[in-house]
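*Asks:* PDB, C-alpha atoms, saved as data-v9.pdb, coming up:
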ATOM      1  CA  ASP A   1       0.000   0.000   0.000  1.00  0.00           C
ATOM      2  CA  PRO A   2       1.696   3.253  -1.113  1.00  0.00           C
ATOM      3  CA  ARG A   3       0.095   5.327   1.660  1.00  0.00           C
ATOM      4  CA  PHE A   4       1.285   2.902   4.303  1.00  0.00           C
ATOM      5  CA  LEU A   5       4.794   2.942   2.837  1.00  0.00           C
ATOM      6  CA  ARG A   6       4.923   6.764   2.807  1.00  0.00           C
ATOM      7  CA  THR A   7       3.684   6.903   6.390  1.00  0.00           C
ATOM      8  CA  PHE A   8       6.043   4.158   7.500  1.00  0.00           C
ATOM      9  CA  LEU A   9       9.085   5.870   5.997  1.00  0.00           C
ATOM     10  CA  LEU A  10       8.121   9.107   7.733  1.00  0.00           C
ATOM     11  CA  THR A  11       7.632   7.513  11.147  1.00  0.00           C
ATOM     12  CA  TYR A  12       9.913   4.479  11.478  1.00  0.00           C
ATOM     13  CA  ARG A  13      12.575   6.550  13.283  1.00  0.00           C
ATOM     14  CA  SER A  14      10.302   6.620  16.318  1.00  0.00           C
ATOM     15  CA  PHE A  15      10.929   2.910  16.922  1.00  0.00           C
ATOM     16  CA  CYS A  16      14.173   2.026  15.090  1.00  0.00           C
ATOM     17  CA  THR A  17      17.234   3.558  13.494  1.00  0.00           C
ATOM     18  CA  PRO A  18      17.901   3.709   9.745  1.00  0.00           C
ATOM     19  CA  ARG A  19      20.638   1.089  10.184  1.00  0.00           C
ATOM     20  CA  GLU A  20      18.259  -1.268  11.973  1.00  0.00           C
ATOM     21  CA  LEU A  21      15.667  -0.805   9.251  1.00  0.00           C
ATOM     22  CA  LEU A  22      18.205  -1.537   6.537  1.00  0.00           C
ATOM     23  CA  GLU A  23      19.358  -4.706   8.304  1.00  0.00           C
ATOM     24  CA  LEU A  24      15.782  -5.875   8.842  1.00  0.00           C
ATOM     25  CA  LEU A  25      14.897  -5.290   5.198  1.00  0.00           C
ATOM     26  CA  VAL A  26      17.984  -7.178   4.015  1.00  0.00           C
ATOM     27  CA  LYS A  27      17.122 -10.014   6.377  1.00  0.00           C
ATOM     28  CA  ARG A  28      13.568 -10.057   5.031  1.00  0.00           C
ATOM     29  CA  PHE A  29      14.866 -10.174   1.456  1.00  0.00           C
ATOM     30  CA  GLU A  30      17.029 -13.214   2.168  1.00  0.00           C
ATOM     31  CA  ILE A  31      14.303 -15.843   2.497  1.00  0.00           C
ATOM     32  CA  PRO A  32      15.701 -19.318   3.151  1.00  0.00           C
ATOM     33  CA  GLU A  33      14.402 -22.116   0.988  1.00  0.00           C
ATOM     34  CA  PRO A  34      12.472 -24.901   2.677  1.00  0.00           C
ATOM     35  CA  LYS A  35      14.380 -28.069   3.491  1.00  0.00           C
ATOM     36  CA  PHE A  36      13.084 -31.253   1.937  1.00  0.00           C
ATOM     37  CA  ASN A  37      13.862 -34.709   3.218  1.00  0.00           C
ATOM     38  CA  THR A  38      15.596 -36.130   0.152  1.00  0.00           C
ATOM     39  CA  THR A  39      16.332 -39.478   1.827  1.00  0.00           C
ATOM     40  CA  SER A  40      12.655 -40.412   1.604  1.00  0.00           C
ATOM     41  CA  ILE A  41      12.486 -39.852  -2.175  1.00  0.00           C
ATOM     42  CA  HIS A  42      11.967 -43.217  -3.862  1.00  0.00           C
ATOM     43  CA  ASP A  43      11.082 -42.319  -7.441  1.00  0.00           C
ATOM     44  CA  ASP A  44      11.301 -39.586 -10.064  1.00  0.00           C
ATOM     45  CA  ASN A  45       7.707 -38.476  -9.455  1.00  0.00           C
ATOM     46  CA  GLU A  46       8.490 -37.507  -5.873  1.00  0.00           C
ATOM     47  CA  ALA A  47      11.626 -35.640  -6.993  1.00  0.00           C
ATOM     48  CA  LEU A  48       9.625 -33.855  -9.675  1.00  0.00           C
ATOM     49  CA  LYS A  49       6.953 -32.898  -7.113  1.00  0.00           C
ATOM     50  CA  ILE A  50       9.620 -31.426  -4.813  1.00  0.00           C
ATOM     51  CA  ARG A  51      11.133 -29.414  -7.687  1.00  0.00           C
ATOM     52  CA  GLU A  52       7.672 -28.109  -8.646  1.00  0.00           C
ATOM     53  CA  ASP A  53       6.894 -27.209  -5.037  1.00  0.00           C
ATOM     54  CA  LEU A  54      10.206 -25.372  -4.744  1.00  0.00           C
ATOM     55  CA  LYS A  55       9.570 -23.496  -7.999  1.00  0.00           C
ATOM     56  CA  ARG A  56       6.078 -22.517  -6.830  1.00  0.00           C
ATOM     57  CA  PHE A  57       7.496 -21.399  -3.459  1.00  0.00           C
ATOM     58  CA  ARG A  58      10.013 -19.155  -5.233  1.00  0.00           C
ATOM     59  CA  ASN A  59       7.466 -17.692  -7.664  1.00  0.00           C
ATOM     60  CA  GLU A  60       4.508 -17.238  -5.325  1.00  0.00           C
ATOM     61  CA  TYR A  61       6.271 -16.317  -2.099  1.00  0.00           C
ATOM     62  CA  VAL A  62       9.944 -15.396  -2.473  1.00  0.00           C
ATOM     63  CA  LYS A  63       9.732 -13.120  -5.529  1.00  0.00           C
ATOM     64  CA  PRO A  64       6.760 -11.033  -4.316  1.00  0.00           C
ATOM     65  CA  VAL A  65       8.368 -10.504  -0.906  1.00  0.00           C
ATOM     66  CA  GLN A  66      11.702  -9.580  -2.467  1.00  0.00           C
ATOM     67  CA  PHE A  67      10.027  -7.166  -4.897  1.00  0.00           C
ATOM     68  CA  ARG A  68       8.271  -5.455  -1.993  1.00  0.00           C
ATOM     69  CA  VAL A  69      11.544  -5.141  -0.077  1.00  0.00           C
ATOM     70  CA  VAL A  70      13.329  -3.647  -3.093  1.00  0.00           C
ATOM     71  CA  ASN A  71      10.364  -1.313  -3.590  1.00  0.00           C
ATOM     72  CA  VAL A  72      10.779  -0.065  -0.004  1.00  0.00           C
ATOM     73  CA  PHE A  73      14.434   0.676  -0.778  1.00  0.00           C
ATOM     74  CA  ARG A  74      13.408   2.532  -3.941  1.00  0.00           C
ATOM     75  CA  HIS A  75      10.948   4.736  -2.058  1.00  0.00           C
ATOM     76  CA  TRP A  76      13.417   5.255   0.773  1.00  0.00           C
ATOM     77  CA  VAL A  77      16.095   6.463  -1.645  1.00  0.00           C
ATOM     78  CA  ASP A  78      13.701   8.556  -3.745  1.00  0.00           C
ATOM     79  CA  HIS A  79      11.915  10.321  -0.888  1.00  0.00           C
ATOM     80  CA  HIS A  80      14.159  10.110   2.194  1.00  0.00           C
ATOM     81  CA  PHE A  81      17.682  10.193   0.826  1.00  0.00           C
ATOM     82  CA  TYR A  82      18.817  12.406   3.696  1.00  0.00           C
ATOM     83  CA  ASP A  83      19.151   9.235   5.806  1.00  0.00           C
ATOM     84  CA  PHE A  84      21.891   8.068   3.456  1.00  0.00           C
ATOM     85  CA  GLU A  85      23.502  11.497   3.063  1.00  0.00           C
ATOM     86  CA  ARG A  86      23.923  11.711   6.829  1.00  0.00           C
ATOM     87  CA  ASP A  87      25.288   8.185   7.251  1.00  0.00           C
ATOM     88  CA  HIS A  88      27.786   7.056   4.630  1.00  0.00           C
ATOM     89  CA  ASP A  89      28.114   3.640   6.259  1.00  0.00           C
ATOM     90  CA  LEU A  90      24.379   3.159   5.729  1.00  0.00           C
ATOM     91  CA  LEU A  91      24.802   4.155   2.087  1.00  0.00           C
ATOM     92  CA  ASP A  92      27.704   1.705   1.686  1.00  0.00           C
ATOM     93  CA  ARG A  93      25.625  -1.101   3.193  1.00  0.00           C
ATOM     94  CA  LEU A  94      22.740  -0.344   0.838  1.00  0.00           C
ATOM     95  CA  ASN A  95      25.063  -0.229  -2.189  1.00  0.00           C
ATOM     96  CA  ASN A  96      26.643  -3.547  -1.179  1.00  0.00           C
ATOM     97  CA  PHE A  97      23.215  -5.110  -0.835  1.00  0.00           C
ATOM     98  CA  LEU A  98      22.074  -3.769  -4.211  1.00  0.00           C
ATOM     99  CA  ARG A  99      25.214  -5.159  -5.877  1.00  0.00           C
ATOM    100  CA  SER A 100      24.550  -8.567  -4.281  1.00  0.00           C
ATOM    101  CA  ILE A 101      21.144  -8.949  -5.953  1.00  0.00           C
ATOM    102  CA  LYS A 102      21.533 -11.536  -8.697  1.00  0.00           C
ATOM    103  CA  VAL A 103      17.938 -12.373  -9.614  1.00  0.00           C
ATOM    104  CA  LYS A 104      17.464 -11.046 -13.147  1.00  0.00           C
ATOM    105  CA  ALA A 105      14.074  -9.354 -12.625  1.00  0.00           C
ATOM    106  CA  MET A 106      15.222  -7.579  -9.457  1.00  0.00           C
ATOM    107  CA  ARG A 107      18.619  -6.744 -10.890  1.00  0.00           C
ATOM    108  CA  LYS A 108      16.948  -4.060 -13.047  1.00  0.00           C
ATOM    109  CA  MET A 109      15.298  -2.500 -10.002  1.00  0.00           C
ATOM    110  CA  ALA A 110      18.587  -2.643  -8.083  1.00  0.00           C
ATOM    111  CA  ASP A 111      20.393  -0.944 -10.983  1.00  0.00           C
ATOM    112  CA  PHE A 112      17.681   1.725 -11.130  1.00  0.00           C
ATOM    113  CA  ILE A 113      18.087   2.419  -7.390  1.00  0.00           C
ATOM    114  CA  SER A 114      21.879   2.524  -7.768  1.00  0.00           C
ATOM    115  CA  LYS A 115      21.606   5.067 -10.579  1.00  0.00           C
ATOM    116  CA  SER A 116      19.197   7.122  -8.509  1.00  0.00           C
ATOM    117  CA  ILE A 117      21.702   7.099  -5.627  1.00  0.00           C
ATOM    118  CA  GLN A 118      24.460   8.170  -7.986  1.00  0.00           C
ATOM    119  CA  ARG A 119      22.365  11.078  -9.344  1.00  0.00           C
ATOM    120  CA  LYS A 120      21.433  12.212  -5.847  1.00  0.00           C
ATOM    121  CA  MET A 121      25.048  12.076  -4.691  1.00  0.00           C
ATOM    122  CA  GLU A 122      26.185  14.065  -7.727  1.00  0.00           C
ATOM    123  CA  SER A 123      23.492  16.692  -7.251  1.00  0.00           C
ATOM    124  CA  SER A 124      24.274  17.066  -3.550  1.00  0.00           C
ATOM    125  CA  ASN A 125      27.972  17.556  -4.361  1.00  0.00           C
ATOM    126  CA  THR A 126      27.440  20.275  -6.930  1.00  0.00           C
ATOM    127  CA  GLU A 127      27.323  23.869  -5.876  1.00  0.00           C
ATOM    128  CA  ARG A 128      24.142  25.611  -6.872  1.00  0.00           C
ATOM    129  CA  GLU A 129      24.230  29.013  -8.469  1.00  0.00           C
ATOM    130  CA  PHE A 130      21.028  30.942  -8.862  1.00  0.00           C
ATOM    131  CA  THR A 131      20.726  32.974 -11.992  1.00  0.00           C
ATOM    132  CA  TYR A 132      17.908  35.190 -13.114  1.00  0.00           C
ATOM    133  CA  GLN A 133      16.909  35.634 -16.704  1.00  0.00           C
ATOM    134  CA  GLU A 134      15.553  39.089 -16.015  1.00  0.00           C
ATOM    135  CA  THR A 135      16.573  41.797 -13.624  1.00  0.00           C
ATOM    136  CA  PRO A 136      14.471  41.748 -10.495  1.00  0.00           C
ATOM    137  CA  PRO A 137      11.716  44.337 -10.265  1.00  0.00           C
ATOM    138  CA  LYS A 138      12.349  47.608  -8.448  1.00  0.00           C
ATOM    139  CA  ILE A 139      11.428  47.682  -4.821  1.00  0.00           C
ATOM    140  CA  GLU A 140       8.222  49.531  -4.265  1.00  0.00           C
ATOM    141  CA  ILE A 141       7.453  51.232  -1.009  1.00  0.00           C
ATOM    142  CA  HIS A 142       3.846  51.884  -0.152  1.00  0.00           C
ATOM    143  CA  LEU A 143       3.314  54.560   2.445  1.00  0.00           C
ATOM    144  CA  SER A 144       0.007  55.806   3.671  1.00  0.00           C
ATOM    145  CA  ARG A 145       1.488  59.278   4.260  1.00  0.00           C
ATOM    146  CA  LYS A 146       3.946  61.442   2.418  1.00  0.00           C
ATOM    147  CA  PRO A 147       7.550  61.054   3.603  1.00  0.00           C
ATOM    148  CA  GLU A 148       7.729  64.724   4.706  1.00  0.00           C
ATOM    149  CA  ASP A 149       4.812  64.077   7.091  1.00  0.00           C
ATOM    150  CA  TYR A 150       7.140  61.964   9.194  1.00  0.00           C
ATOM    151  CA  ASN A 151       8.891  64.155  11.640  1.00  0.00           C
ATOM    152  CA  LEU A 152      11.785  62.139  12.889  1.00  0.00           C
ATOM    153  CA  MET A 153      12.459  64.611  15.660  1.00  0.00           C
ATOM    154  CA  THR A 154       9.089  63.965  17.277  1.00  0.00           C
ATOM    155  CA  LEU A 155       9.590  60.229  17.179  1.00  0.00           C
ATOM    156  CA  HIS A 156      12.945  60.399  18.920  1.00  0.00           C
ATOM    157  CA  PRO A 157      13.068  63.446  21.217  1.00  0.00           C
TER     158      PRO A 157
END
What do you get writing this file as structure tokens?

*Replies:*
Amino acid sequence: DPRFLRTFLLTYRSFCTPRELLELLVKRFEIPEPKFNTTSIHDDNEALKIREDLKRFRNEYVKPVQFRVVNVFRHWVDHHFYDFERDHDLLDRLNNFLRSIKVKAMRKMADFISKSIQRKMESSNTEREFTYQETPPKIEIHLSRKPEDYNLMTLHP
């Protein structure tokens, strides 16, 4: 849910640090595969069933969870990059994690996040110069009385 994600990323600091969140997300991404008792396999049909079950587990459980985790990282980088600007170790950990993603479908998302990080780092390192295409307008002073009506001597005796 995008609203939940936005709210979560705004409020998570009230119960954990950015480093803890990163570690928890990485841990969530790394889903262990179920262990099958291969000693009880007696024929090819049972082995085929186990391979099909494992494939279904990866497609229906692992991939969706991993996509959601990577999506959290994408939103975190896009909308709350200041966490990474303030903590370079956190940024290094995220970059290491993104480089470790090998699954082809998620590799594209990881590359996209890495490029976004690179752009944000480059833009934060460049000095900004403000230029105006036109000269600014003259300053206008609006007085309710004429300037000679102000007697400075009476204001400061």

*Asks:* Between A:Val72, A:Ala110, A:Val103, A:Leu22, which is the closest to Arg58 (chain A) once you count all atoms listed in the file?

*Replies:*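 Ranking A:Val72, A:Ala110, A:Val103, A:Leu22 by distance to Arg58 (chain A), first place goes to A:Val103.
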
*Asks:* Here is a test: counting only C-alpha atoms, which residue of A:Lys120, A:His88, A:Arg99, A:Lys63 is nearest to Ile31 (chain A)?

*Replies:*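 Of A:Lys120, A:His88, A:Arg99, A:Lys63, the one nearest Ile31 (chain A), counting only C-alpha atoms, is A:Lys63.
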
*Asks:* Work out how far apart CA of Cys16 (chain A) and CA of Ser123 (chain A) are and give it in Å to one decimal.

*Replies:*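 That distance, rounded to one decimal, is 28.3 Å.
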
*Asks:* Which residue, A:Glu122, A:Asp83, A:Glu134, A:Glu33, has the smallest gap to Tyr61 (chain A) when you use only C-alpha atoms?

*Replies:*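 For Tyr61 (chain A), the nearest of the candidates is A:Glu33.
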
*Asks:* Looking at only C-alpha atoms, which of A:Met121, A:Leu98, A:Met106, A:Leu54 is the one that sits closest to Phe67 (chain A)?

*Replies:*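 Closest to Phe67 (chain A) of all the choices is A:Met106.
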
*Asks:* How many Å separate CA of Thr17 (chain A) from CA of Met109 (chain A)?

*Replies:*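 Interatomic distance, CA of Thr17 (chain A) to CA of Met109 (chain A): 24.3 Å.
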
*Asks:* Find the residue from A:Ala105, A:Leu94, A:Val69, A:Ile117 that sits nearest to Phe29 (chain A); use all atoms listed in the file when measuring.

*Replies:*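 Looking at the shortest contact to Phe29 (chain A), the residue is A:Val69.
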
*Asks:* Can you pull out the residues contacting Arg6 (chain A)? Cut-off 10 Å, using all atoms listed in the file, and skip same-chain residues under 5 positions away; I want them as a list of chain:residue names.

*Replies:*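 Answer for this query is A:Asp1, A:Thr11, A:Val72, A:His75, A:Trp76, A:His79, A:His80.
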
*Asks:* Calculate how many Å separate CA of Arg93 (chain A) from CA of Pro18 (chain A), rounding to one decimal.

*Replies:* 11.2 Å

*Asks:* Kindly reconstruct region 41-52 of chain A with all heavy atoms and present the result as a short mmCIF file (atom, residue, chain, number, x, y, z; two decimals), in the frame of the given file.

*Replies:*
data_model
loop_
_atom_site.label_atom_id
_atom_site.label_comp_id
_atom_site.auth_asym_id
_atom_site.auth_seq_id
_atom_site.Cartn_x
_atom_site.Cartn_y
_atom_site.Cartn_z
N ILE A 41 12.90 -39.85 -0.77
CA ILE A 41 12.49 -39.85 -2.17
C ILE A 41 12.81 -41.22 -2.78
O ILE A 41 13.95 -41.67 -2.74
CB ILE A 41 13.20 -38.73 -2.97
CG1 ILE A 41 12.83 -37.37 -2.40
CG2 ILE A 41 12.84 -38.83 -4.44
CD1 ILE A 41 13.58 -36.22 -3.02
N HIS A 42 11.77 -41.87 -3.32
CA HIS A 42 11.97 -43.22 -3.86
C HIS A 42 11.83 -43.27 -5.38
O HIS A 42 12.27 -44.24 -5.99
CB HIS A 42 10.97 -44.20 -3.22
CG HIS A 42 11.14 -44.29 -1.74
ND1 HIS A 42 12.27 -44.79 -1.14
CD2 HIS A 42 10.32 -43.92 -0.72
CE1 HIS A 42 12.15 -44.74 0.18
NE2 HIS A 42 10.96 -44.22 0.46
N ASP A 43 11.22 -42.28 -5.98
CA ASP A 43 11.08 -42.32 -7.44
C ASP A 43 11.16 -40.92 -8.03
O ASP A 43 11.21 -39.92 -7.31
CB ASP A 43 9.79 -43.03 -7.86
CG ASP A 43 8.53 -42.33 -7.36
OD1 ASP A 43 8.60 -41.14 -7.01
OD2 ASP A 43 7.47 -42.98 -7.34
N ASP A 44 11.18 -40.86 -9.35
CA ASP A 44 11.30 -39.59 -10.06
C ASP A 44 10.09 -38.69 -9.87
O ASP A 44 10.21 -37.47 -9.90
CB ASP A 44 11.53 -39.83 -11.56
CG ASP A 44 12.89 -40.44 -11.83
OD1 ASP A 44 13.79 -40.29 -10.98
OD2 ASP A 44 13.06 -41.05 -12.91
N ASN A 45 8.91 -39.28 -9.66
CA ASN A 45 7.71 -38.48 -9.46
C ASN A 45 7.80 -37.64 -8.18
O ASN A 45 7.38 -36.49 -8.16
CB ASN A 45 6.46 -39.36 -9.42
CG ASN A 45 6.08 -39.88 -10.79
OD1 ASN A 45 6.44 -39.26 -11.79
ND2 ASN A 45 5.37 -40.99 -10.84
N GLU A 46 8.33 -38.25 -7.13
CA GLU A 46 8.49 -37.51 -5.87
C GLU A 46 9.52 -36.39 -6.04
O GLU A 46 9.33 -35.28 -5.54
CB GLU A 46 8.91 -38.45 -4.75
CG GLU A 46 7.79 -39.36 -4.28
CD GLU A 46 8.24 -40.26 -3.15
OE1 GLU A 46 8.89 -39.74 -2.21
OE2 GLU A 46 7.94 -41.46 -3.21
N ALA A 47 10.59 -36.65 -6.74
CA ALA A 47 11.63 -35.64 -6.99
C ALA A 47 11.06 -34.51 -7.84
O ALA A 47 11.33 -33.33 -7.58
CB ALA A 47 12.83 -36.27 -7.68
N LEU A 48 10.27 -34.86 -8.83
CA LEU A 48 9.62 -33.85 -9.68
C LEU A 48 8.67 -32.99 -8.86
O LEU A 48 8.63 -31.77 -9.01
CB LEU A 48 8.89 -34.53 -10.84
CG LEU A 48 8.18 -33.61 -11.82
CD1 LEU A 48 9.19 -32.69 -12.51
CD2 LEU A 48 7.41 -34.41 -12.85
N LYS A 49 7.91 -33.62 -7.97
CA LYS A 49 6.95 -32.90 -7.11
C LYS A 49 7.70 -31.91 -6.22
O LYS A 49 7.27 -30.76 -6.05
CB LYS A 49 6.16 -33.90 -6.27
CG LYS A 49 5.33 -33.29 -5.19
CD LYS A 49 3.88 -33.22 -5.58
CE LYS A 49 3.00 -32.79 -4.44
NZ LYS A 49 2.98 -31.39 -4.18
N ILE A 50 8.83 -32.31 -5.68
CA ILE A 50 9.62 -31.43 -4.81
C ILE A 50 10.15 -30.24 -5.62
O ILE A 50 10.09 -29.10 -5.17
CB ILE A 50 10.76 -32.21 -4.13
CG1 ILE A 50 10.18 -33.12 -3.06
CG2 ILE A 50 11.79 -31.25 -3.53
CD1 ILE A 50 11.18 -34.04 -2.40
N ARG A 51 10.64 -30.50 -6.84
CA ARG A 51 11.13 -29.41 -7.69
C ARG A 51 10.01 -28.44 -8.04
O ARG A 51 10.20 -27.22 -8.02
CB ARG A 51 11.78 -29.97 -8.95
CG ARG A 51 13.19 -30.50 -8.75
CD ARG A 51 13.92 -30.71 -10.05
NE ARG A 51 13.30 -31.66 -10.93
CZ ARG A 51 13.48 -32.98 -10.92
NH1 ARG A 51 14.30 -33.50 -10.04
NH2 ARG A 51 12.87 -33.77 -11.78
N GLU A 52 8.83 -28.97 -8.33
CA GLU A 52 7.67 -28.11 -8.65
C GLU A 52 7.25 -27.29 -7.43
O GLU A 52 6.93 -26.10 -7.56
CB GLU A 52 6.50 -28.96 -9.15
CG GLU A 52 6.70 -29.51 -10.54
CD GLU A 52 5.61 -30.49 -10.96
OE1 GLU A 52 4.73 -30.82 -10.14
OE2 GLU A 52 5.65 -30.93 -12.13
#
